[in-house]
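Novice: Just passing along the structure, written as structure tokens.
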Amino acid sequence: MERRLLKESRIVVLALLAALAAAFFALGGHRYLSFAAVKAGQAAILQFYAARPWETAAGFFLVYVALTGLSLPGAAVMTIAGGAIFGLLWGTMIVSFASSIGATLAFLASRFVLRDWVQTKFGHHLRAIHAGIEREGGFYLFTLRLIPLVPFFAINLAMGLTPICAWRFYWVSQLGMLAGTIVYVNAGTQLGALDSAAGILSPGLIGAFALLGFFPLIAKKTVEAAKSRRVYAPWAARRPERFDRNLVVIGAGSAGLVAAYIAAAAKARVTLVEKHRMGGDCLNTGCVPSKALLRSAKFLALAKKSKDLGIRSTQVEFDFADVMARVRRIVKTIEPHDSVERYSGLGVECIHGEARLVSPWEVEIRTEQQRNIRLTTRSIVIAAGARPFVPPIPGIEDVDCLTSDTLWGLRELPARLLVLGGGPVGCELAQAFARLGSKVTQVEMLPRLLPREDPEVSELIRAKFVEEGIAVLTGHKAKQFLRDGERKILICEHQSRDIAVEFDALLCAVGRVARTAGYGLEELGIPISAARTVRTNEFLQTSFPNIYACGDVAGPFQFTHAASHQAWYAAVNALFGGVKKFRADYSVIPWATFTDPEVARVGLSESEAKERGIPHEVTVYGIEELDRAIADGTAQGMVKVLTVPGKDRILGAAIVGEHAGDLIAEYVAAMRHGLGMNKILGTIHIYPTLAEANKYAAGAWKKAHAPQRLLRAVEKFHAWRRG
């Protein structure tokens, strides 16, 4: 009911504004607002003003407000008339307030009538603009107001669609239009010497206004310099005259390695500090060992399905310790890629030690030989990564909790493994251990596994897990861990009832938290975000412009490829930010969960599109129809694509199936380079391959958008041709 009343109110306001504008032209109001009319009637107007000054001023003020509020033409001529009638001082005051009030009325009308409609239609595309307006709306508006070549009525209407507050719009408009108002009012005082309104804007004056447009940029730089001076003030005495390094990178995980590599490639003098192991979590405890474990587990799963492949029987003997030994060998094989030797050869100084920020330009390193090294550096990149989060559940400290960091020390397979957490890490490891022979129970507080994915994706994975013998307990909140001798028990709550789950080993996989303590952030006062990451701006700068953060420690993503992506921006901005800075681009970030079947996604999910009110169409192709998947015995899953209604532009894609993490790359490339479903459909895909699923999904989209009227006409044409 409220929505209907709001819609009707908007229609009434729009109709009223249109009626007033139409009446203005129908009654010939525009004829009185020409330059010639004002000049011809100057004597009569001045005579009326001399007889009734207050009535003239009030009437002029109200007419000016009405004109600008309705976005009608004539504001420039009215401003000239204001100078001719009231003189420079009073004319400037009257026009300044009238134009600002009228502009604000137009701004509010645009916001009331159009903003929701524009947000619904184009909100997803306008998010970056809105964020910029929220941060720098005053500067942006001020720039536009200083340049009279930009129609002021267009600015009023356009700014109404943005999040800028009305009060800020008003005072910035009044201040920004003041220079132009004075010029036009002053011209009006010389009305007799002017031949036309165009004569006011001579090329020289236009150039002067254009130069004024640089003032907000200068002001912005001045404000930034003032902020920098304020943040650096307590440390000013510590600023060195010369620097030992161009860049010091703290942390040698994915982000730190890329940042150091880029600095060395750019011939900068760079030092990389790592207190533990080169390669960080990804190489040593994350991506690499987990995928090695998943591969062994998948082999066992395939062996169990041998009859499905026409093989009567198979026998597989293995020892869990041998599987874990293979995992360690894989890590050792890849280790040279991230080694000190390799990066030293590239020109990076690698120091094994614990770094600490002692000033914005100084890093103290305590080496493993207990030596202290202090380096001065022009810029610093923090790439300290993240660690597994262990929630403070009563009793958890008594049950020998494993995490993705400590899991790799296991040599005996747990008979009963409890996995706490239904996210990507929890799902991958739960399935791996179940296939290796553990009796796995997975507990997730939320209603479904993989809550960032769409419900049908979560259900596909849950069904697969149940089929493989995993006890999936979603909607179960862990309350307490108990230990009774050798017995370990989790008490969890489900639908207001307590449920006991016995286990032999606990794997906690409820998420990761950024490493923000212990290396000087607190002493420097570098703020931490609500998400417990280092707070950065769009250039990945912290509160100190020369200190950057990237990767898991900065967020918002915790993927190796996202960390590497951010590291490029952090390193380049740290080295060349004085000349050119680049905003980190998160527009197309893909990810995958390496369960079996794999889950991969890029862009919007259907659930997110609905939550944000973004119009979309959904196309689904079932992989059970794909020839290669049928031949491989992996005919399960789907390709799901979101597109703009009536268009082939891709908003997001999700793939569930064999090698989904590889297949999603086609959609990542398409979204990154503006290619649509028609281009994917027109691309030759080798037969028979899993990649054909992407083409068939595009074909399903095309079929749904076939021109039915044209097809009916063609059908009649062919019938006519048959005689």
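Please note that chains go A, B, ... in the order of the structure tokens, that every chain numbers its residues from 1, and that ligands are numbered from 1 in the order shown.
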Tell me which protein, DNA and RNA residues are within 10 Å of range 229-232 of chain A, counting only C-alpha atoms, leaving out same-chain ones fewer than 3 positions away, and put them as a list of chain:residue names.

Specialist: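 Returned residues: A:Val223, A:Glu224, A:Ala225, A:Ala226, A:Trp235, A:Ala236, A:Ala237, A:Arg238, A:Arg239, A:Ser359, A:Pro360, A:Leu524, A:Gly525, A:Ile526, A:Ser543, A:Phe544, A:Pro545.
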
Novice: Could you write out the selected residues, including C-alpha atoms, as a CSV table (one decimal), in the first residue's frame?

Specialist:
```csv
chain,number,residue,atom,x,y,z
A,223,VAL,CA,43.6,18.8,1.7
A,224,GLU,CA,45.4,15.5,1.1
A,225,ALA,CA,48.7,17.2,1.8
A,226,ALA,CA,47.3,18.7,5.0
A,235,TRP,CA,57.0,11.3,13.3
A,236,ALA,CA,58.4,14.3,11.4
A,237,ALA,CA,61.6,14.2,13.3
A,238,ARG,CA,62.2,10.6,12.3
A,239,ARG,CA,61.9,11.2,8.6
A,359,SER,CA,58.1,4.7,12.1
A,360,PRO,CA,56.4,5.3,8.8
A,524,LEU,CA,51.8,3.8,14.5
A,525,GLY,CA,48.0,4.0,14.9
A,526,ILE,CA,47.1,2.4,11.6
A,543,SER,CA,46.3,6.0,7.0
A,544,PHE,CA,50.0,6.7,6.1
A,545,PRO,CA,50.1,7.3,2.3
```

Novice: Can you pull out the residues contacting Thr533 in chain A? Cut-off 9 Å, using only C-alpha atoms, and skip same-chain residues under 6 positions away; I want them as a list of chain:residue names.

Specialist: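 The neighbour list is A:Val513, A:Ala514, A:Arg515, A:Thr516, A:Pro527, A:Asp552, A:Val553, A:Ala554, A:Gly555, A:Pro556.
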
Novice: Okay, now the selection with N, CA and C atoms, as a PDB file, in the first residue's frame?

Specialist:
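File written: again_30.pdb
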```pdb
ATOM      1  N   VAL A 513      41.278 -15.005   9.942  1.00  0.00           N
ATOM      2  CA  VAL A 513      41.334 -13.627  10.427  1.00  0.00           C
ATOM      3  C   VAL A 513      42.701 -13.042  10.084  1.00  0.00           C
ATOM      4  N   ALA A 514      42.702 -11.794   9.653  1.00  0.00           N
ATOM      5  CA  ALA A 514      43.940 -11.140   9.211  1.00  0.00           C
ATOM      6  C   ALA A 514      44.935 -11.022  10.357  1.00  0.00           C
ATOM      7  N   ARG A 515      46.219 -11.143  10.019  1.00  0.00           N
ATOM      8  CA  ARG A 515      47.287 -10.951  11.005  1.00  0.00           C
ATOM      9  C   ARG A 515      47.596  -9.453  11.100  1.00  0.00           C
ATOM     10  N   THR A 516      47.117  -8.850  12.154  1.00  0.00           N
ATOM     11  CA  THR A 516      47.276  -7.393  12.297  1.00  0.00           C
ATOM     12  C   THR A 516      48.021  -7.004  13.566  1.00  0.00           C
ATOM     13  N   PRO A 527      44.706   2.189  11.488  1.00  0.00           N
ATOM     14  CA  PRO A 527      43.403   1.644  11.904  1.00  0.00           C
ATOM     15  C   PRO A 527      43.078   0.292  11.276  1.00  0.00           C
ATOM     16  N   ASP A 552      45.391 -11.101   2.089  1.00  0.00           N
ATOM     17  CA  ASP A 552      44.440 -11.450   3.146  1.00  0.00           C
ATOM     18  C   ASP A 552      44.414 -10.428   4.270  1.00  0.00           C
ATOM     19  N   VAL A 553      45.542  -9.775   4.538  1.00  0.00           N
ATOM     20  CA  VAL A 553      45.588  -8.827   5.645  1.00  0.00           C
ATOM     21  C   VAL A 553      44.750  -7.585   5.355  1.00  0.00           C
ATOM     22  N   ALA A 554      44.486  -7.325   4.074  1.00  0.00           N
ATOM     23  CA  ALA A 554      43.717  -6.149   3.682  1.00  0.00           C
ATOM     24  C   ALA A 554      42.283  -6.486   3.285  1.00  0.00           C
ATOM     25  N   GLY A 555      42.045  -7.740   2.807  1.00  0.00           N
ATOM     26  CA  GLY A 555      40.715  -8.081   2.326  1.00  0.00           C
ATOM     27  C   GLY A 555      40.397  -7.290   1.062  1.00  0.00           C
ATOM     28  N   PRO A 556      39.158  -7.310   0.569  1.00  0.00           N
ATOM     29  CA  PRO A 556      38.000  -8.009   1.127  1.00  0.00           C
ATOM     30  C   PRO A 556      37.936  -9.485   0.745  1.00  0.00           C
TER      31      PRO A 556
END
```

Novice: Hey, what's within 12 Å of Ala478 in chain A if we count only C-alpha atoms and toss same-chain stuff fewer than 3 positions away? As a PyMOL selection string, please?

Specialist: chain A and resi 391-396+418-421+442-446+473-475+481-482+489-494+497-501+508+510

Novice: Check the DSSP output for the backbone and give back, as a ChimeraX atom specification, the residues of range 487-517 of chain A in strand (DSSP E).

Specialist: /A:487-494,497-503,505-508,512-514

Novice: Would you write out those residues with N, CA, C and O atoms, as a compact mmCIF listing (two decimals), in the first residue's frame?

Specialist:
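Result written to part01.txt:
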```
# COMPACT_ATOMS: atom_id res chain seq x y z
N ARG A 487 36.99 -39.86 25.51
CA ARG A 487 35.82 -39.45 24.71
C ARG A 487 35.82 -37.94 24.52
O ARG A 487 36.01 -37.18 25.48
N LYS A 488 35.57 -37.53 23.29
CA LYS A 488 35.44 -36.11 22.96
C LYS A 488 34.04 -35.90 22.40
O LYS A 488 33.61 -36.64 21.50
N ILE A 489 33.36 -34.89 22.91
CA ILE A 489 31.95 -34.69 22.56
C ILE A 489 31.71 -33.21 22.26
O ILE A 489 32.17 -32.33 23.00
N LEU A 490 30.97 -32.96 21.18
CA LEU A 490 30.47 -31.62 20.89
C LEU A 490 28.99 -31.58 21.22
O LEU A 490 28.22 -32.44 20.79
N ILE A 491 28.60 -30.57 21.99
CA ILE A 491 27.18 -30.30 22.22
C ILE A 491 26.79 -29.15 21.30
O ILE A 491 27.34 -28.05 21.39
N CYS A 492 25.86 -29.42 20.40
CA CYS A 492 25.39 -28.36 19.51
C CYS A 492 23.88 -28.23 19.61
O CYS A 492 23.16 -29.19 19.97
N GLU A 493 23.40 -27.05 19.28
CA GLU A 493 21.97 -26.75 19.38
C GLU A 493 21.34 -26.76 18.00
O GLU A 493 21.85 -26.13 17.07
N HIS A 494 20.22 -27.47 17.90
CA HIS A 494 19.49 -27.53 16.63
C HIS A 494 18.00 -27.50 16.95
O HIS A 494 17.49 -28.38 17.64
N ARG A 497 17.06 -27.82 20.55
CA ARG A 497 17.41 -29.08 21.22
C ARG A 497 18.92 -29.25 21.20
O ARG A 497 19.58 -28.89 20.23
N ASP A 498 19.45 -29.81 22.28
CA ASP A 498 20.88 -30.11 22.34
C ASP A 498 21.14 -31.47 21.72
O ASP A 498 20.43 -32.44 22.00
N ILE A 499 22.18 -31.53 20.88
CA ILE A 499 22.55 -32.78 20.21
C ILE A 499 24.03 -33.03 20.48
O ILE A 499 24.86 -32.13 20.36
N ALA A 500 24.35 -34.25 20.86
CA ALA A 500 25.73 -34.63 21.17
C ALA A 500 26.35 -35.35 19.98
O ALA A 500 25.73 -36.23 19.38
N VAL A 501 27.57 -34.96 19.64
CA VAL A 501 28.30 -35.58 18.54
C VAL A 501 29.66 -36.02 19.08
O VAL A 501 30.46 -35.20 19.53
N GLU A 502 29.92 -37.32 19.05
CA GLU A 502 31.22 -37.84 19.48
C GLU A 502 32.20 -37.81 18.31
O GLU A 502 31.83 -38.02 17.16
N PHE A 503 33.48 -37.60 18.64
CA PHE A 503 34.49 -37.53 17.60
C PHE A 503 35.85 -37.88 18.19
O PHE A 503 36.05 -37.88 19.42
N ALA A 505 38.82 -36.54 16.37
CA ALA A 505 39.65 -35.38 16.02
C ALA A 505 38.74 -34.26 15.54
O ALA A 505 37.72 -34.51 14.88
N LEU A 506 39.11 -33.04 15.88
CA LEU A 506 38.33 -31.86 15.50
C LEU A 506 39.14 -31.02 14.52
O LEU A 506 40.30 -30.67 14.78
N LEU A 507 38.52 -30.69 13.39
CA LEU A 507 39.10 -29.75 12.43
C LEU A 507 38.24 -28.50 12.42
O LEU A 507 37.06 -28.56 12.04
N CYS A 508 38.80 -27.39 12.86
CA CYS A 508 38.05 -26.13 12.88
C CYS A 508 38.33 -25.37 11.59
O CYS A 508 39.48 -25.01 11.30
N ARG A 512 39.04 -17.33 8.44
CA ARG A 512 40.39 -16.86 8.71
C ARG A 512 40.33 -15.40 9.12
O ARG A 512 39.44 -14.66 8.71
N VAL A 513 41.28 -15.00 9.94
CA VAL A 513 41.33 -13.63 10.43
C VAL A 513 42.70 -13.04 10.08
O VAL A 513 43.73 -13.72 10.17
N ALA A 514 42.70 -11.79 9.65
CA ALA A 514 43.94 -11.14 9.21
C ALA A 514 44.94 -11.02 10.36
O ALA A 514 44.56 -10.81 11.52
```

Novice: Just list the residues in range 505-720 of chain A DSSP gives helix (DSSP H, G or I) on the backbone, as a PyMOL selection string.

Specialist: chain A and resi 521-524+551-553+560-576+606-612+623-625+627-632+660-663+665-672+677-681+692-704+708-720

Novice: From the set A:Val185, A:Leu72, A:Ala303, A:Ala81, which residue has the shortest atom-to-atom contact distance to Thr56 in chain A, counting only C-alpha atoms?

Specialist: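 Nearest candidate to Thr56 in chain A out of A:Val185, A:Leu72, A:Ala303, A:Ala81: A:Ala81.
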
Novice: Tell me, counting only C-alpha atoms, for each residue of range 598-704 of chain A within 8 Å of range 574-590 of chain A, which pair of atoms is nearest and how far apart they are in Å to one decimal, in rows ordered by chain and increasing number, as a tab-separated table.

Specialist:
```
residue	atom	partner	partner_atom	distance
A:Ala600	CA	A:Pro590	CA	7.3
A:Arg601	CA	A:Pro590	CA	5.6
A:Val602	CA	A:Pro590	CA	4.2
A:Gly603	CA	A:Val588	CA	6.1
A:Ile664	CA	A:Pro590	CA	7.9
A:Val668	CA	A:Val588	CA	6.7
A:Met671	CA	A:Val588	CA	6.9
A:Arg672	CA	A:Val588	CA	6.2
```

Novice: Find, counting only C-alpha atoms, the residue in A:Gln47, A:Ser496, A:Thr689, A:Ser173 that gets nearest to Leu141 in chain A.

Specialist: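 So, comparing all the options, the nearest one is A:Ser173.
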